[in-house]
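J.: First, the structure itself, so that you have it in front of you.
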Amino acid sequence: MATKKQVNPTRMELTKQKKKLATAVRGHKLLKDKRDELMRQFLELVRENRALRERVEAGILRANKDFVLARAGMDDEAVNAAFMAPKQNVQLEADSRNVMSVDVPVFRFRTRTADENDIYSYGYAFTSSDLDGAVTSLSSVLQDMLKLAEVEKSCQLMASEIEKTRRRVNALEHVMIPEAQENIKYIQMKLDENERSTQIRLMKVKDMMLEETHHYKEKMGYE
Amino acid sequence: MYKIAVIGDRDSIYGFATLGLDTFPVLNAEEGARKLDELAHSEYAIIYITEQLQGRISSTVEKYRDQQLPAIIPIPGVNGNTGNGMAAVKRLVEQAVGSDIIFNN
């Protein structure tokens with residue numbers, strides 16, 4: 001448990017600690033809700049991330065195989081020439097979306113030519129048909145790749161936000177709130193004790209004053 | 001308006017050029033790290049990086065993790081899948097949840 005920090009046992013401090021406790025409790029509840037909701041969305045997203053990644057990895061592996069095959073049938077120069085001047089161009093717009101105070105990116109993309117399948121940047125005369133196949137298989141994963149980028153980045157951002165939120169929740173729950181409660185108890189006890197001792201002192205003083213005016217002891221001594 | 005970059009060894013990435021992505025072949029890790037920094041500070045919102053290269057310059061990749069842009073996404077290279085990409089997703093779950101509850105089956 002937290003090491004005991006000395007607080008002044010005064011009414012002002014008591015009010016301060018009570019306020020602190022109320023804020024901590026409220027913050028704790030809010031942060032906990034935030035964490036739970038973030039977690040729910042994160043788990044959904046990470047499942048999607050996993051599925052997308054599996055698809056993209058499989059797609060790229062397949063495309064790579066096709067490329068290897070295509071290059072086997074052509075010399076390097078021909079391949080280089082074929083890819084020298086890409087016809088297609090992807091333009092990306094990035095927006096952001098707010099998920100529980102985490103800004104995650106949203107990507108929209110546009111291709112330069114109207115037809116998305118217009119990707120062959122070469123005449124077909126000097127290239128093997130394998131290359132066409134390879135390019136096609138690569139282009140079929142592009143959509144998923146872009147989605148993956150969005151989802152995976154969102155997951156990364158949310159994961160670190162969840163971690164931060166969890167730390168805060170724990171700090172409030174296990175340090176701040178118990179500390180404030182302890183302090184309140186301590187101050188209240190001290191104040192009560194002070195009050196009792198004041199009462200006793202007053203009673204004593206009253207006794208002494210009565211004694212002075214009426215001289216009970218002397219009278220008792222005579223009789 | 002943003003662009004998309006692909007970075008890695010030439011054989012793994014040259015095909016992406018036909019799709020309209022900008023490819024940046026690099027030869028070694030130092031060059032890759034430098035290139036990545038350069039790309040991240042220009043107009044690239046998505047940077048695909050081969051898993052192999054990412055494995056060697058992970059500290060550079062890590063720098064951009066908490067930034068909204070760019071998104072640095074590992075993809076398998078021509079030499080096959082190292083599993084780094086999936087492992088990274090797995091680590092995310094561990095970071096967020098505390099233990100891995102999605103990949104353990």
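Following the order of the structure tokens, chains are lettered A, B, ..., residues in each are numbered from 1, and ligands are numbered from 1.
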Which polymer residues have any atom within 8 Å of an atom of A:Val7, counting only C-alpha atoms, with same-chain residues fewer than 3 positions away left out, as a count of residues only?

T.: 3

J.: Could you produce a table of the residues of chain B lying within 7 Å of chain A, with the nearest pair of atoms per residue and their separation in Å rounded to one decimal, using only C-alpha atoms, ordered by chain and increasing residue number, as a tab-separated table?

T.:
```
residue	atom	partner	partner_atom	distance
B:Met1	CA	A:Glu93	CA	5.4
B:Tyr2	CA	A:Leu92	CA	4.8
B:Lys3	CA	A:Leu92	CA	5.6
B:Gly15	CA	A:Val135	CA	6.8
B:Ala17	CA	A:Pro86	CA	6.1
B:Thr18	CA	A:Pro86	CA	5.1
B:Leu19	CA	A:Gln88	CA	5.8
B:Gly20	CA	A:Asn89	CA	3.7
B:Leu21	CA	A:Val90	CA	6.3
B:Ile46	CA	A:Ala149	CA	6.8
B:Arg65	CA	A:Gln156	CA	6.8
B:Asp66	CA	A:Leu157	CA	5.9
B:Gln68	CA	A:Pro105	CA	6.5
B:Ala71	CA	A:Lys153	CA	5.5
B:Ile73	CA	A:Ala149	CA	6.1
B:Ile75	CA	A:Glu57	CA	6.6
B:Pro76	CA	A:Glu57	CA	6.2
B:Val78	CA	A:Asn64	CA	5.6
B:Gly80	CA	A:Leu61	CA	6.9
B:Leu92	CA	A:Ala159	CA	6.0
B:Gln95	CA	A:Ala159	CA	6.3
B:Ala96	CA	A:Ala159	CA	4.7
```

J.: Which residues are close to A:Leu191, i.e. within 10 Å by only C-alpha atoms, leaving aside same-chain residues fewer than 6 positions away? Reply as a PyMOL selection string.

T.: chain A and resi 9-11+14+185+197

J.: Please produce a file of the residues just selected, as a PDB file, in the first residue's frame, where the atoms kept are C-alpha atoms.

T.:
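New file again_4.pdb:
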```pdb
ATOM      1  CA  PRO A   9      -5.548  17.290  10.460  1.00  0.00           C
ATOM      2  CA  THR A  10      -7.586  20.405   9.768  1.00  0.00           C
ATOM      3  CA  ARG A  11     -11.103  20.929   8.504  1.00  0.00           C
ATOM      4  CA  LEU A  14     -10.598  17.333   5.200  1.00  0.00           C
ATOM      5  CA  LYS A 185     -10.330   8.669   8.098  1.00  0.00           C
ATOM      6  CA  SER A 197      -9.884  16.817  24.603  1.00  0.00           C
TER       7      SER A 197
END
```

J.: Work out how far apart atom CA of B:Lys90 and atom CA of B:Phe103 are and give it in Å to one decimal.

T.: 6.7 Å

J.: At a cut-off of 12 Å, using only C-alpha atoms, what residues contact B:Glu62? Leave out same-chain residues fewer than 3 positions from it and give the result as number ranges by chain.

T.: A: 156; B: 33, 36-37, 54-59, 65-67, 70-73, 88

J.: List the neighbours of B:Val26 out to 6 Å using only C-alpha atoms; skip same-chain residues closer than 4 positions along the sequence, and give me the result as a PyMOL selection string.

T.: chain B and resi 8-9+32

J.: Write the residues you've just listed into a file as a PDB file, in the first residue's frame, and include N, CA and C atoms for each of them.

T.:
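Written file, part-v4.pdb:
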```pdb
ATOM      1  N   GLY B   8      11.833  -2.000 -49.492  1.00  0.00           N
ATOM      2  CA  GLY B   8      12.361  -3.348 -49.254  1.00  0.00           C
ATOM      3  C   GLY B   8      13.365  -3.717 -50.320  1.00  0.00           C
ATOM      4  N   ASP B   9      13.708  -4.996 -50.379  1.00  0.00           N
ATOM      5  CA  ASP B   9      14.650  -5.388 -51.429  1.00  0.00           C
ATOM      6  C   ASP B   9      13.917  -5.396 -52.777  1.00  0.00           C
ATOM      7  N   GLY B  32      17.868   1.432 -45.553  1.00  0.00           N
ATOM      8  CA  GLY B  32      16.435   1.277 -45.333  1.00  0.00           C
ATOM      9  C   GLY B  32      15.938   2.204 -44.246  1.00  0.00           C
TER      10      GLY B  32
END
```

J.: Could you tell me how far atom CA of A:Asp66 sits from atom CA of A:Asp132, in Å to one decimal place?

T.: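 Computing the Euclidean distance for atom CA of A:Asp132 and atom CA of A:Asp66 yields 9.2 Å.
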
J.: I want to know what sits within 8 Å of B:Asp100, based on only C-alpha atoms, with residues of the same chain fewer than 4 positions away left out; could you give that as a PyMOL selection string?

T.: chain B and resi 90-91+93-94+104

J.: Can you tell me, as a PyMOL selection string, which residues in stretch 18-70 of chain B count as helix (DSSP H, G or I) by DSSP?

T.: chain B and resi 18-19+29-40+51-56+58-63

J.: Restricting the output to N, CA and C atoms, write the selected residues as a compact mmCIF listing (two decimals), in the first residue's frame.

T.:
```txt
# COMPACT_ATOMS: atom_id res chain seq x y z
N THR B 18 3.53 -1.27 -60.76
CA THR B 18 2.45 -1.27 -61.76
C THR B 18 1.12 -0.86 -61.16
N LEU B 19 0.99 -1.01 -59.85
CA LEU B 19 -0.28 -0.67 -59.22
C LEU B 19 -0.37 0.82 -58.93
N ALA B 29 20.25 -2.45 -44.36
CA ALA B 29 19.41 -1.94 -43.27
C ALA B 29 19.60 -0.45 -43.05
N GLU B 30 20.86 0.03 -43.12
CA GLU B 30 21.09 1.46 -42.83
C GLU B 30 20.37 2.32 -43.87
N GLU B 31 20.52 1.89 -45.10
CA GLU B 31 19.87 2.63 -46.17
C GLU B 31 18.35 2.59 -45.97
N GLY B 32 17.87 1.43 -45.55
CA GLY B 32 16.43 1.28 -45.33
C GLY B 32 15.94 2.20 -44.25
N ALA B 33 16.68 2.29 -43.15
CA ALA B 33 16.27 3.13 -42.03
C ALA B 33 16.24 4.60 -42.45
N ARG B 34 17.29 4.97 -43.21
CA ARG B 34 17.35 6.36 -43.66
C ARG B 34 16.18 6.68 -44.59
N LYS B 35 15.94 5.75 -45.49
CA LYS B 35 14.86 5.95 -46.46
C LYS B 35 13.51 6.06 -45.74
N LEU B 36 13.35 5.18 -44.75
CA LEU B 36 12.08 5.16 -44.02
C LEU B 36 11.84 6.50 -43.32
N ASP B 37 12.89 7.02 -42.69
CA ASP B 37 12.77 8.32 -42.04
C ASP B 37 12.38 9.40 -43.04
N GLU B 38 13.07 9.32 -44.19
CA GLU B 38 12.82 10.32 -45.22
C GLU B 38 11.37 10.24 -45.71
N LEU B 39 10.90 9.02 -45.93
CA LEU B 39 9.53 8.85 -46.44
C LEU B 39 8.50 9.28 -45.40
N ALA B 40 8.79 8.93 -44.15
CA ALA B 40 7.82 9.23 -43.10
C ALA B 40 7.63 10.73 -42.93
N GLU B 51 8.87 -7.64 -44.45
CA GLU B 51 9.06 -8.13 -43.08
C GLU B 51 10.54 -8.26 -42.75
N GLN B 52 11.29 -8.69 -43.77
CA GLN B 52 12.72 -8.88 -43.54
C GLN B 52 13.41 -7.58 -43.15
N LEU B 53 13.13 -6.54 -43.92
CA LEU B 53 13.74 -5.25 -43.62
C LEU B 53 13.24 -4.72 -42.28
N GLN B 54 11.95 -4.91 -42.04
CA GLN B 54 11.37 -4.40 -40.80
C GLN B 54 12.04 -5.03 -39.59
N GLY B 55 12.33 -6.35 -39.73
CA GLY B 55 12.98 -7.04 -38.63
C GLY B 55 14.33 -6.42 -38.28
N ARG B 56 15.00 -5.84 -39.28
CA ARG B 56 16.33 -5.32 -39.02
C ARG B 56 16.33 -3.85 -38.59
N SER B 58 13.73 -2.39 -36.74
CA SER B 58 12.50 -2.25 -35.95
C SER B 58 12.52 -1.01 -35.07
N SER B 59 13.71 -0.58 -34.65
CA SER B 59 13.73 0.60 -33.77
C SER B 59 13.26 1.84 -34.54
N THR B 60 13.61 1.92 -35.81
CA THR B 60 13.15 3.05 -36.62
C THR B 60 11.65 2.96 -36.83
N VAL B 61 11.16 1.75 -37.09
CA VAL B 61 9.73 1.57 -37.32
C VAL B 61 8.95 1.94 -36.06
N GLU B 62 9.52 1.57 -34.93
CA GLU B 62 8.86 1.78 -33.64
C GLU B 62 8.59 3.26 -33.37
N LYS B 63 9.47 4.12 -33.90
CA LYS B 63 9.33 5.56 -33.68
C LYS B 63 7.99 6.10 -34.15
```

J.: Would you mind writing down, as a list in words, each residue of chain B that DSSP on the backbone assigns to strand (DSSP E)?

T.: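 Residues meeting the strand (DSSP E) criterion: Lys3, Ile4, Ala5, Val6, Ile7, Gly8, Asp22, Thr23, Phe24, Pro25, Tyr44, Ala45, Ile46, Ile47, Tyr48, Ile49, Thr50, Ala71, Ile72, Ile73, Pro74 and Ile75 of chain B.
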
J.: Considering only C-alpha atoms, state which residue in the set B:Asn28, B:Gly85, B:Pro74, B:Ala5 is at the smallest distance from B:Thr50.

T.: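 Result for the nearest residue to B:Thr50: B:Pro74.
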